[in-house]
>>> print(open('input-v7.txt').read())   # compact mmCIF, C-alpha atoms
# COMPACT_ATOMS: atom_id res chain seq x y z
CA MET R 24 0.54 -25.58 -23.27
CA LYS R 25 4.01 -24.73 -22.03
CA LYS R 26 4.99 -21.08 -22.42
CA THR R 27 8.29 -19.23 -22.62
CA TYR R 28 8.49 -16.09 -20.47
CA VAL R 29 11.17 -13.47 -21.14
CA ILE R 30 11.75 -11.46 -17.95
CA ASP R 31 12.60 -7.76 -18.00
CA THR R 32 15.01 -6.28 -15.45
CA ASN R 33 12.38 -4.12 -13.75
CA VAL R 34 10.43 -7.22 -12.71
CA LEU R 35 13.41 -8.53 -10.72
CA ILE R 36 14.12 -5.08 -9.29
CA GLN R 37 10.63 -4.91 -7.83
CA ALA R 38 10.22 -8.63 -7.02
CA PRO R 39 13.59 -10.45 -6.81
CA TYR R 40 11.73 -13.71 -6.11
CA ALA R 41 9.86 -13.48 -9.43
CA LEU R 42 11.76 -16.38 -11.03
CA SER R 43 9.84 -18.78 -8.79
CA CYS R 44 6.40 -17.50 -9.87
CA PHE R 45 5.97 -19.04 -13.34
CA GLU R 46 5.05 -22.63 -12.42
CA ASP R 47 6.31 -25.23 -14.93
CA ASN R 48 6.88 -22.80 -17.79
CA ASP R 49 10.28 -21.88 -19.22
CA ILE R 50 11.97 -18.63 -18.24
CA VAL R 51 14.48 -16.78 -20.37
CA LEU R 52 16.77 -14.02 -19.09
CA PRO R 53 18.42 -12.03 -21.89
CA LEU R 54 22.08 -11.24 -21.27
CA ALA R 55 21.10 -7.55 -21.22
CA VAL R 56 19.13 -8.21 -18.01
CA ILE R 57 22.20 -9.74 -16.33
CA GLU R 58 24.23 -6.67 -17.32
CA GLU R 59 21.59 -4.29 -15.96
CA LEU R 60 21.47 -6.19 -12.65
CA ASP R 61 25.25 -5.92 -12.47
CA GLY R 62 25.03 -2.16 -13.00
CA LEU R 63 22.40 -1.79 -10.27
CA LYS R 64 23.92 -4.02 -7.58
CA ARG R 65 25.80 -1.14 -5.93
CA SER R 66 22.80 1.20 -5.89
CA ALA R 67 21.55 2.40 -2.53
CA GLY R 68 18.15 1.50 -1.16
CA GLU R 69 15.54 -0.87 -2.53
CA ARG R 70 16.84 -1.07 -6.10
CA GLY R 71 20.32 -2.14 -5.07
CA ALA R 72 19.08 -4.57 -2.42
CA ASN R 73 16.71 -6.27 -4.86
CA ALA R 74 19.35 -6.40 -7.61
CA ARG R 75 21.73 -8.15 -5.21
CA ALA R 76 18.99 -10.55 -4.09
CA ALA R 77 18.22 -11.45 -7.72
CA ILE R 78 21.92 -11.99 -8.45
CA ARG R 79 22.26 -14.28 -5.42
CA SER R 80 19.32 -16.34 -6.68
CA LEU R 81 20.98 -16.64 -10.08
CA GLU R 82 24.26 -17.69 -8.48
CA GLU R 83 22.47 -20.41 -6.53
CA LEU R 84 20.96 -21.70 -9.77
CA ARG R 85 24.29 -21.41 -11.60
CA SER R 86 25.88 -23.70 -9.04
CA GLN R 87 23.33 -26.38 -10.03
CA GLY R 88 24.09 -26.35 -13.75
CA ASP R 89 24.82 -24.34 -16.87
CA LEU R 90 22.51 -21.33 -17.19
CA LEU R 91 23.14 -21.12 -20.94
CA TYR R 92 21.63 -24.61 -21.44
CA GLY R 93 19.02 -24.32 -18.71
CA VAL R 94 18.63 -25.11 -15.02
CA SER R 95 15.57 -26.78 -13.53
CA LEU R 96 13.42 -24.69 -11.15
CA ALA R 97 11.48 -25.93 -8.13
CA GLY R 98 8.15 -25.33 -9.89
CA GLY R 99 9.06 -27.61 -12.78
CA GLY R 100 10.14 -24.99 -15.30
CA ILE R 101 13.58 -24.29 -16.73
CA LEU R 102 15.54 -21.06 -16.51
CA ARG R 103 18.19 -20.13 -19.01
CA VAL R 104 20.22 -17.09 -19.96
CA GLU R 105 19.98 -16.15 -23.65
CA LYS R 106 22.97 -14.50 -25.36
CA ASN R 107 21.96 -15.14 -28.98
CA PHE R 108 19.75 -13.27 -31.46
CA THR R 109 22.13 -10.33 -31.72
CA ASP R 110 21.51 -10.27 -35.47
CA VAL R 111 17.72 -10.04 -35.27
CA ALA R 112 16.54 -6.92 -37.09
CA LEU R 113 14.58 -4.16 -35.39
CA PRO R 114 13.01 -1.03 -36.93
CA GLU R 115 15.54 1.75 -37.50
CA ASP R 116 13.87 3.91 -34.83
CA LEU R 117 14.86 1.41 -32.10
CA PRO R 118 18.61 1.77 -31.37
CA GLU R 119 20.15 -1.69 -30.95
CA GLN R 120 22.51 -0.69 -28.12
CA ARG R 121 19.71 0.10 -25.65
CA PRO R 122 19.08 -2.72 -23.13
CA ASP R 123 15.30 -2.61 -23.67
CA ASN R 124 15.72 -3.10 -27.41
CA ARG R 125 18.23 -5.91 -26.89
CA ILE R 126 15.56 -7.66 -24.80
CA LEU R 127 13.04 -7.14 -27.59
CA LYS R 128 15.48 -8.72 -30.06
CA VAL R 129 15.63 -11.84 -27.89
CA CYS R 130 11.81 -11.97 -27.75
CA ARG R 131 11.56 -11.59 -31.51
CA GLY R 132 14.19 -14.24 -32.13
CA LEU R 133 12.61 -16.74 -29.73
CA SER R 134 9.14 -16.23 -31.19
CA GLN R 135 10.37 -17.54 -34.53
CA GLY R 136 10.94 -21.01 -33.18
CA GLU R 137 9.75 -21.54 -29.57
CA GLY R 138 5.96 -21.33 -29.79
CA GLN R 139 4.27 -18.95 -27.38
CA VAL R 140 6.76 -16.31 -26.16
CA ILE R 141 5.62 -13.70 -23.62
CA LEU R 142 7.59 -10.69 -22.44
CA VAL R 143 6.98 -9.89 -18.78
CA THR R 144 7.73 -6.25 -17.96
CA LYS R 145 6.47 -3.51 -15.69
CA ASP R 146 7.45 -0.85 -18.22
CA LEU R 147 4.37 0.47 -20.08
CA VAL R 148 6.48 1.84 -22.94
CA MET R 149 8.22 -1.51 -23.28
CA ARG R 150 4.83 -3.20 -23.64
CA ILE R 151 3.83 -0.70 -26.33
CA LYS R 152 7.04 -1.34 -28.29
CA ALA R 153 6.49 -5.08 -27.94
CA GLN R 154 3.01 -4.79 -29.40
CA ILE R 155 4.37 -2.79 -32.34
CA LEU R 156 6.79 -5.66 -33.01
CA GLY R 157 4.07 -8.29 -32.72
CA ILE R 158 5.38 -9.60 -29.38
CA ARG R 159 2.96 -10.54 -26.63
CA ALA R 160 3.71 -8.59 -23.44
CA GLU R 161 2.23 -8.76 -19.94
CA ASP R 162 2.66 -7.15 -16.54
CA PHE R 163 3.99 -9.20 -13.62
CA THR R 164 0.67 -10.17 -12.07
CA THR R 165 1.68 -12.19 -9.01
CA GLU R 166 1.42 -9.09 -6.79
CA GLN R 167 -1.48 -7.58 -8.71
CA VAL R 168 -4.79 -6.87 -7.00
CA THR R 169 -7.91 -8.30 -8.67
CA ASP R 170 -11.07 -6.32 -9.44
CA ALA R 171 -12.84 -7.94 -6.49
CA ASP R 172 -10.01 -7.08 -4.11
CA ALA R 173 -9.86 -3.48 -5.37
CA GLN R 174 -13.57 -3.00 -4.73
CA TYR R 175 -13.35 -4.01 -1.06
CA THR R 176 -13.78 -0.89 1.09
CA GLY R 177 -13.84 -2.39 4.57
CA ARG R 178 -17.41 -1.16 5.10
CA ALA R 179 -20.92 -2.32 4.22
CA GLU R 180 -24.48 -1.03 4.48
CA VAL R 181 -26.91 -3.59 5.92
CA TYR R 182 -30.37 -3.94 7.43
CA LEU R 183 -31.29 -5.26 10.88
CA PRO R 184 -34.74 -6.42 12.08
CA GLU R 185 -36.22 -3.71 14.32
CA GLU R 186 -36.79 -6.11 17.21
CA LEU R 187 -33.02 -6.79 17.45
CA VAL R 188 -31.91 -3.17 17.80
CA LYS R 189 -31.80 -3.32 21.60
CA ASP R 190 -29.82 -6.56 21.50
CA PHE R 191 -27.30 -4.98 19.11
CA LYS R 192 -26.78 -1.96 21.36
CA LYS R 193 -26.34 -4.18 24.40
CA SER R 194 -23.94 -6.88 23.21
CA GLY R 195 -24.25 -7.32 19.47
CA VAL R 196 -26.24 -9.66 17.24
CA PRO R 197 -25.36 -12.66 15.06
CA VAL R 198 -24.08 -11.71 11.62
CA SER R 199 -26.75 -14.02 10.20
CA ALA R 200 -29.41 -11.56 11.45
CA LEU R 201 -28.16 -8.87 9.08
CA TYR R 202 -29.24 -8.70 5.48
CA THR R 203 -29.41 -6.53 2.40
CA ALA R 204 -32.03 -6.47 -0.36
CA ASP R 205 -32.32 -6.10 -4.12
CA SER R 206 -34.51 -3.60 -5.97
CA HIS R 207 -37.53 -5.90 -5.53
CA GLY R 208 -37.11 -6.13 -1.76
CA GLU R 209 -35.81 -9.69 -1.86
CA ARG R 210 -33.20 -10.47 0.79
CA ILE R 211 -29.65 -11.08 -0.40
CA PRO R 212 -27.23 -13.20 1.66
CA LEU R 213 -24.27 -11.30 3.07
CA GLU R 214 -20.60 -12.15 2.78
CA LEU R 215 -18.91 -10.08 5.46
CA THR R 216 -15.24 -10.00 6.43
CA GLU R 217 -13.66 -9.98 9.87
CA ASN R 218 -13.39 -6.38 11.19
CA GLU R 219 -15.53 -5.03 8.35
CA PHE R 220 -17.36 -1.87 9.46
CA LEU R 221 -21.13 -1.73 9.23
CA THR R 222 -23.68 1.01 8.68
CA ILE R 223 -26.81 -0.65 10.05
CA GLN R 224 -30.32 0.50 9.18
CA PRO R 225 -33.20 -0.87 11.30
CA ASP R 226 -35.65 -2.21 8.74
CA GLN R 227 -38.75 -0.50 10.18
CA THR R 228 -37.44 3.06 10.34
CA SER R 229 -35.13 5.33 8.38
CA LYS R 230 -34.63 7.90 11.15
CA LYS R 231 -31.80 6.17 12.99
CA THR R 232 -28.61 4.52 11.89
CA LEU R 233 -26.37 2.23 13.93
CA LEU R 234 -22.63 1.82 13.47
CA GLY R 235 -20.94 -1.50 14.11
CA ARG R 236 -18.24 -3.95 13.15
CA VAL R 237 -17.92 -7.65 12.35
CA GLU R 238 -16.26 -9.59 15.15
CA GLY R 239 -16.23 -13.32 14.55
CA GLU R 240 -19.82 -14.45 14.04
CA LYS R 241 -21.29 -11.30 15.59
CA ALA R 242 -21.95 -7.70 14.62
CA VAL R 243 -20.97 -5.54 17.58
CA PRO R 244 -21.37 -1.80 18.26
CA LEU R 245 -18.39 0.54 18.07
CA SER R 246 -16.43 0.87 21.31
CA TYR R 247 -15.04 4.37 20.78
CA LYS R 248 -17.99 6.16 19.16
CA LYS R 249 -18.10 8.81 21.89
CA SER R 250 -14.34 9.34 22.10
CA LYS R 251 -12.72 12.66 21.20
CA PRO R 252 -9.03 11.89 20.65
CA TYR R 253 -6.99 15.01 21.37
CA GLY R 254 -10.22 17.01 21.27
CA VAL R 255 -11.18 15.89 17.75
CA THR R 256 -14.78 14.86 17.05
CA PRO R 257 -15.70 12.67 14.04
CA ARG R 258 -17.53 14.61 11.34
CA ASN R 259 -18.79 11.73 9.22
CA MET R 260 -19.28 7.98 9.25
CA GLY R 261 -15.86 7.26 7.78
CA GLN R 262 -14.17 9.17 10.59
CA TYR R 263 -16.14 7.22 13.19
CA PHE R 264 -14.79 4.05 11.60
CA ILE R 265 -11.16 5.19 11.40
CA GLN R 266 -11.40 6.45 14.99
CA GLU R 267 -12.57 3.00 16.07
CA ALA R 268 -9.64 1.31 14.32
CA LEU R 269 -7.02 3.78 15.49
CA MET R 270 -8.16 3.88 19.12
CA GLN R 271 -7.95 0.10 19.50
CA SER R 272 -4.86 -1.14 21.31
CA ALA R 273 -1.82 -2.45 19.47
CA GLU R 274 -2.69 -5.89 20.79
CA ARG R 275 -6.15 -5.92 19.20
CA ALA R 276 -5.46 -3.87 16.07
CA PRO R 277 -1.71 -3.77 15.34
CA LEU R 278 -2.31 -2.90 11.67
CA VAL R 279 -4.69 -0.27 10.32
CA ILE R 280 -5.02 0.48 6.59
CA ILE R 281 -6.82 3.68 5.60
CA LYS R 282 -7.45 4.49 1.96
CA GLY R 283 -9.00 7.68 0.67
CA MET R 284 -8.41 10.69 -1.53
CA ALA R 285 -6.81 13.94 -0.39
CA GLY R 286 -8.80 15.89 2.19
CA THR R 287 -10.45 12.92 3.92
CA ALA R 288 -8.39 13.57 7.09
CA LYS R 289 -6.37 10.35 6.98
CA THR R 290 -3.15 11.95 8.28
CA PHE R 291 -4.95 14.44 10.52
CA TYR R 292 -6.98 11.80 12.36
CA SER R 293 -4.04 9.41 12.62
CA LEU R 294 -1.96 12.13 14.28
CA ALA R 295 -4.83 13.13 16.58
CA VAL R 296 -5.19 9.59 17.92
CA GLY R 297 -1.40 9.25 18.14
CA LEU R 298 -1.13 12.38 20.28
CA GLU R 299 -3.95 11.12 22.47
CA LYS R 300 -2.24 7.76 22.93
CA VAL R 301 1.23 9.21 23.60
CA TYR R 302 0.42 12.38 25.56
CA ASN R 303 -2.63 11.34 27.56
CA ASN R 304 -2.68 7.54 27.68
CA ARG R 305 1.09 6.87 27.65
CA GLU R 306 0.30 3.84 25.50
CA TYR R 307 3.28 4.31 23.17
CA ARG R 308 6.77 5.78 23.53
CA ARG R 309 6.42 8.01 20.49
CA ILE R 310 4.80 8.68 17.15
CA LEU R 311 7.07 7.79 14.24
CA VAL R 312 6.09 9.18 10.83
CA SER R 313 7.57 8.27 7.47
CA ARG R 314 6.65 8.44 3.81
CA PRO R 315 8.33 7.21 0.61
CA ASN R 316 10.30 9.65 -1.50
CA ALA R 317 8.76 8.84 -4.88
CA GLN R 318 10.85 11.44 -6.70
CA PHE R 319 14.23 10.07 -5.66
CA ASP R 320 13.48 6.39 -5.02
CA GLU R 321 15.17 5.46 -1.73
CA ASP R 322 17.88 8.12 -1.80
CA ILE R 323 17.14 11.05 0.50
CA GLY R 324 19.21 13.36 -1.66
CA PHE R 325 22.55 15.08 -1.89
CA LEU R 326 21.54 18.46 -0.46
CA PRO R 327 23.49 19.67 2.60
CA GLY R 328 22.16 18.83 6.05
CA ASP R 329 21.37 15.85 8.21
CA GLU R 330 18.58 13.35 7.67
CA GLN R 331 15.93 15.51 9.35
CA GLU R 332 16.78 18.56 7.24
CA LYS R 333 16.70 16.52 4.04
CA ILE R 334 13.33 14.91 4.69
CA ALA R 335 11.71 18.07 6.10
CA PRO R 336 9.99 18.95 2.78
CA LEU R 337 8.45 15.46 2.65
CA MET R 338 7.09 15.88 6.17
CA ARG R 339 5.51 19.29 5.65
CA PRO R 340 1.98 17.76 5.52
CA VAL R 341 2.61 16.42 9.04
CA VAL R 342 3.50 19.90 10.29
CA ASP R 343 0.40 21.37 8.61
CA ASN R 344 -1.82 18.91 10.47
CA LEU R 345 0.01 19.46 13.76
CA GLU R 346 -0.63 23.20 13.54
CA GLN R 347 -4.35 22.45 13.57
CA LEU R 348 -4.16 19.86 16.33
CA LEU R 349 -1.91 21.82 18.72
CA ASP R 350 -4.05 24.95 18.51
CA SER R 351 -7.71 24.02 18.33
CA ASP R 352 -8.91 27.65 18.21
CA GLU R 353 -9.59 28.10 14.50
CA LYS R 354 -10.23 31.84 14.79
CA SER R 355 -6.95 32.80 16.49
CA ARG R 356 -4.72 29.89 15.40
CA TYR R 357 -2.53 31.85 13.00
CA GLU R 358 -2.50 35.21 14.82
CA ASP R 359 0.85 34.41 16.44
CA GLU R 360 2.83 32.34 13.94
CA ALA R 361 5.93 32.30 16.15
CA LEU R 362 4.03 30.83 19.11
CA LEU R 363 2.39 28.21 16.90
CA GLY R 364 5.78 27.33 15.42
CA ASP R 365 7.23 26.92 18.91
CA LYS R 366 4.43 24.50 19.84
CA VAL R 367 5.16 22.34 16.81
CA LYS R 368 8.91 22.52 17.40
CA GLU R 369 8.48 21.42 21.02
CA VAL R 370 6.64 18.26 19.97
CA PHE R 371 9.60 17.25 17.81
CA GLU R 372 12.27 18.33 20.30
CA ARG R 373 10.67 16.28 23.09
CA GLY R 374 10.62 13.24 20.82
CA ILE R 375 6.83 12.92 20.96
CA ILE R 376 6.84 12.81 17.16
CA GLN R 377 9.82 11.66 15.14
CA THR R 378 10.23 11.55 11.37
CA GLU R 379 12.52 9.20 9.48
CA ALA R 380 13.33 8.37 5.88
CA LEU R 381 11.69 5.14 4.82
CA ASN R 382 14.94 3.36 4.00
CA PHE R 383 16.17 3.91 7.58
CA ILE R 384 13.11 2.16 9.03
CA ARG R 385 13.57 -1.06 7.08
CA GLY R 386 15.68 -3.64 8.87
CA ARG R 387 14.82 -2.42 12.36
CA SER R 388 12.60 -3.89 15.05
CA ILE R 389 10.34 -1.07 16.24
CA SER R 390 8.78 -1.50 19.69
CA LYS R 391 6.04 0.39 21.57
CA THR R 392 5.67 2.87 18.73
CA TYR R 393 2.71 4.43 16.94
CA LEU R 394 4.05 4.16 13.38
CA ILE R 395 2.39 6.17 10.58
CA ILE R 396 3.44 5.49 7.00
CA ASP R 397 1.90 8.03 4.64
CA GLU R 398 1.57 7.85 0.83
CA VAL R 399 1.92 4.06 0.91
CA GLN R 400 0.60 3.84 -2.66
CA ASN R 401 4.11 4.91 -3.71
CA MET R 402 5.69 1.87 -2.05
CA THR R 403 6.26 -1.52 -3.65
CA PRO R 404 4.69 -4.67 -2.18
CA ASN R 405 8.16 -5.78 -1.07
CA GLN R 406 8.68 -2.49 0.81
CA VAL R 407 5.34 -2.80 2.58
CA LYS R 408 6.19 -6.34 3.62
CA GLY R 409 9.49 -5.06 5.00
CA ILE R 410 7.66 -2.43 7.07
CA ILE R 411 4.90 -4.63 8.48
CA THR R 412 7.35 -7.36 9.45
CA ARG R 413 9.36 -4.77 11.45
CA ALA R 414 6.57 -4.40 14.00
CA GLY R 415 7.89 -5.17 17.48
CA LYS R 416 6.02 -5.63 20.73
CA ASP R 417 3.23 -3.09 21.39
CA THR R 418 3.71 -1.30 18.06
CA LYS R 419 0.77 -0.14 15.97
CA ILE R 420 1.27 0.43 12.22
CA ILE R 421 -0.99 2.77 10.25
CA LEU R 422 -0.77 2.66 6.45
CA LEU R 423 -2.30 5.67 4.68
CA GLY R 424 -2.71 6.50 1.00
CA ASP R 425 -4.76 6.89 -2.14
CA PRO R 426 -4.34 4.09 -4.73
CA ASP R 427 -5.43 6.49 -7.49
CA GLN R 428 -2.51 8.89 -6.89
CA ILE R 429 0.61 6.99 -7.98
CA ASP R 430 3.83 8.99 -8.44
CA ARG R 431 6.32 6.14 -8.73
CA PRO R 432 7.36 4.45 -12.00
CA PHE R 433 6.25 0.83 -12.59
CA LEU R 434 3.46 1.04 -10.00
CA ASP R 435 -0.25 1.49 -10.63
CA GLU R 436 -3.51 1.23 -8.70
CA ARG R 437 -3.34 -2.59 -8.79
CA THR R 438 0.35 -3.23 -8.08
CA ASN R 439 1.26 -0.69 -5.38
CA GLY R 440 2.09 -1.61 -1.80
CA LEU R 441 -1.08 -0.12 -0.27
CA SER R 442 -3.42 -2.15 -2.47
CA TYR R 443 -1.26 -5.25 -2.03
CA ALA R 444 -1.30 -4.98 1.78
CA ALA R 445 -5.06 -4.41 1.78
CA LYS R 446 -5.58 -7.52 -0.37
CA CYS R 447 -3.29 -9.81 1.59
CA MET R 448 -4.37 -8.67 5.07
CA ARG R 449 -8.11 -8.69 4.36
CA GLY R 450 -9.85 -10.95 6.85
CA SER R 451 -6.98 -10.98 9.34
CA PRO R 452 -8.24 -10.34 12.89
CA LEU R 453 -5.11 -8.21 13.38
CA CYS R 454 -5.84 -5.86 10.47
CA TRP R 455 -8.57 -3.22 10.40
CA GLN R 456 -9.08 -1.35 7.14
CA ILE R 457 -11.42 1.28 5.79
CA THR R 458 -11.80 3.26 2.56
CA LEU R 459 -13.10 6.81 2.88
CA SER R 460 -15.43 8.14 0.19
CA ALA R 461 -15.18 11.38 -1.80
CA GLN R 462 -18.21 12.68 0.11
CA GLU R 463 -16.18 12.43 3.33
CA CYS R 464 -13.64 15.06 2.26
CA GLU R 465 -13.36 17.58 5.13
CA ARG R 466 -10.47 19.83 4.03
CA SER R 467 -12.62 22.82 3.04
CA VAL R 468 -15.84 23.67 1.24
CA LEU R 469 -13.85 24.25 -1.95
CA ALA R 470 -11.91 20.97 -1.58
CA THR R 471 -15.12 19.01 -1.06
CA ASP R 472 -16.76 20.63 -4.08
CA ALA R 473 -13.67 20.05 -6.22
CA VAL R 474 -13.48 16.37 -5.25
CA LYS R 475 -17.06 15.91 -6.45
CA ARG R 476 -16.65 17.89 -9.66
CA LEU R 477 -13.11 17.25 -10.92
>>> encode(input="input-v7.txt", output="structure tokens")
Amino acid sequence: MKKTYVIDTNVLIQAPYALSCFEDNDIVLPLAVIEELDGLKRSAGERGANARAAIRSLEELRSQGDLLYGVSLAGGGILRVEKNFTDVALPEDLPEQRPDNRILKVCRGLSQGEGQVILVTKDLVMRIKAQILGIRAEDFTTEQVTDADAQYTGRAEVYLPEELVKDFKKSGVPVSALYTADSHGERIPLELTENEFLTIQPDQTSKKTLLGRVEGEKAVPLSYKKSKPYGVTPRNMGQYFIQEALMQSAERAPLVIIKGMAGTAKTFYSLAVGLEKVYNNREYRRILVSRPNAQFDEDIGFLPGDEQEKIAPLMRPVVDNLEQLLDSDEKSRYEDEALLGDKVKEVFERGIIQTEALNFIRGRSISKTYLIIDEVQNMTPNQVKGIITRAGKDTKIILLGDPDQIDRPFLDERTNGLSYAAKCMRGSPLCWQITLSAQECERSVLATDAVKRL
């Protein structure tokens, strides 16, 4: 049955290509949406860029026909702009002049004569108001991660026949030799993904555990298990896995996605490997660190100072981790704060580590760089695409974040850029990803206990 979708402005601001995602169904844009796009087109950063992209798409369609009567879309549907239903009544508590309520009036008017009408919006409050008015409302699901995708952690626990342990240590074993079992001991077939990390238990003993990775049709041992990047030693299985992914060359593993809650050493370990690769191996020109400014969208603010001074508060977690890495003596590290500060300052002054606002990275081609993007869960799928497609020759991109800690409006654990990248890049031989567990929190005894209890 053909449906009529009414599109809210926030859908086009996050995904300007959304008009092409509704197959052969009809799409209605209330005039209020056109006015909101017009008001946003001069905005800086992602919002303005996406508003302009959506307007250009509408202009291209306008040139093909009259938008008020409807223009055919490539998928078979029809798009039209709706300027009627201004006299549809709303409850007194919903002011008619607000754009959101004008959109609801269109939905209510259409539902009286056009069959199944669905409002598509990323605004939770808008969906609540729609339900109150008896209007069906949905999120924009094209970029949404499914339950199965969300559960993928990039790691699996499997068994290996005891007689194949030596073969595994020497050169690896066929994936078909691995298995898992149900509660009755019956073997269960495995569905493993390229580059998925493995915790392997020999099936005749519980005293030893092997760590490996899926490579094509084989399970192979880790290559960097004994490495100590910048003097750092892995403290748990998850850190062995992220070390393996981070230590690989940009040619073999140009994209690494690490998910995990606070305290699991995502940023710390990424910086440790970066310093090892830049200082000792000369593999990259520099470490470039960025993170989205969820509080102010893409604007880095109006406070005095240059870019570095404005983004300094956002980059404080980087400095905190550097203080630990540049002075490995835990007992005397903070005895001379001035000396420690000078060490950190030197790293930035020499250009070993650089920090940039996210909106200044987009649009560039970044070569021979170890690029860390932190808090990626506060990026949109479109932003993540813009970052990954900026990778130049010999550049390695590390995406870090916790999908359960969203600070940006209209994003959630299923629609944020980190989850979207993990879903789309799963199975790519160029992408290595791992999710760290709560038990792998290493910040402090208190932090570990709190993660388990709170």
>>> axis_aligned_box(input="input-v7.txt", around="segment 308-314 of chain R", padding_each_side="8 Å", output="AutoDock Vina command-line options")
--center_x 6.2 --center_y 7.5 --center_z 13.7 --size_x 18.8 --size_y 19.4 --size_z 35.7
>>> closest_residue(input="input-v7.txt", among="R:Asn439, R:Thr287, R:Gln154, R:Ser86", to="Lys408 of chain R", atoms="only C-alpha atoms")
R:Asn439
>>> residues_around(input="input-v7.txt", residues="Ser293 of chain R", least_positions_apart="3", cutoff="8 Å", atoms="only C-alpha atoms", output="list in words")
Leu269, Lys289, Thr290, Val296, Gly297, Ile395 and Ile421 of chain R
>>> closest_residue(input="input-v7.txt", among="R:Asp435, R:Glu463, R:Glu105, R:Asp190", to="Thr403 of chain R", atoms="all atoms listed in the file")
R:Asp435
>>> closest_residue(input="input-v7.txt", among="R:Glu219, R:Glu209, R:Gln135, R:Gln224", to="Gly239 of chain R", atoms="all atoms listed in the file")
R:Glu219
>>> closest_residue(input="input-v7.txt", among="R:Ile78, R:Leu213, R:Val34, R:Ala173", to="Val143 of chain R", atoms="all atoms listed in the file")
R:Val34
>>> atom_distance(input="input-v7.txt", atom1="atom CA of Leu345 of chain R", atom2="atom CA of Ile420 of chain R")
19.1 Å
>>> atom_distance(input="input-v7.txt", atom1="atom CA of Asp146 of chain R", atom2="atom CA of Leu127 of chain R")
12.6 Å
>>> atom_distance(input="input-v7.txt", atom1="atom CA of Leu96 of chain R", atom2="atom CA of Ser43 of chain R")
7.3 Å
>>> build_atoms(input="input-v7.txt", residues="segment 229-240 of chain R", atoms="N, CA and C atoms", output="tab-separated table (two decimals), keeping the file's coordinate frame")
chain	number	residue	atom	x	y	z
R	229	SER	N	-36.28	4.75	9.08
R	229	SER	CA	-35.13	5.33	8.38
R	229	SER	C	-34.55	6.51	9.16
R	230	LYS	N	-35.04	6.74	10.37
R	230	LYS	CA	-34.63	7.90	11.15
R	230	LYS	C	-33.39	7.67	11.99
R	231	LYS	N	-32.98	6.43	12.17
R	231	LYS	CA	-31.80	6.17	12.99
R	231	LYS	C	-30.89	5.18	12.28
R	232	THR	N	-29.62	5.39	12.49
R	232	THR	CA	-28.61	4.52	11.89
R	232	THR	C	-27.66	4.06	12.98
R	233	LEU	N	-27.29	2.81	12.96
R	233	LEU	CA	-26.37	2.23	13.93
R	233	LEU	C	-25.03	1.96	13.25
R	234	LEU	N	-23.97	2.10	13.99
R	234	LEU	CA	-22.63	1.82	13.47
R	234	LEU	C	-22.04	0.64	14.21
R	235	GLY	N	-21.49	-0.31	13.47
R	235	GLY	CA	-20.94	-1.50	14.11
R	235	GLY	C	-19.77	-2.07	13.34
R	236	ARG	N	-19.41	-3.29	13.73
R	236	ARG	CA	-18.24	-3.95	13.15
R	236	ARG	C	-18.42	-5.45	13.27
R	237	VAL	N	-17.87	-6.19	12.31
R	237	VAL	CA	-17.92	-7.65	12.35
R	237	VAL	C	-16.82	-8.16	13.27
R	238	GLU	N	-17.22	-8.98	14.24
R	238	GLU	CA	-16.26	-9.59	15.15
R	238	GLU	C	-16.62	-11.07	15.29
R	239	GLY	N	-15.89	-11.90	14.56
R	239	GLY	CA	-16.23	-13.32	14.55
R	239	GLY	C	-17.57	-13.54	13.88
R	240	GLU	N	-18.49	-14.18	14.58
R	240	GLU	CA	-19.82	-14.45	14.04
R	240	GLU	C	-20.84	-13.41	14.47
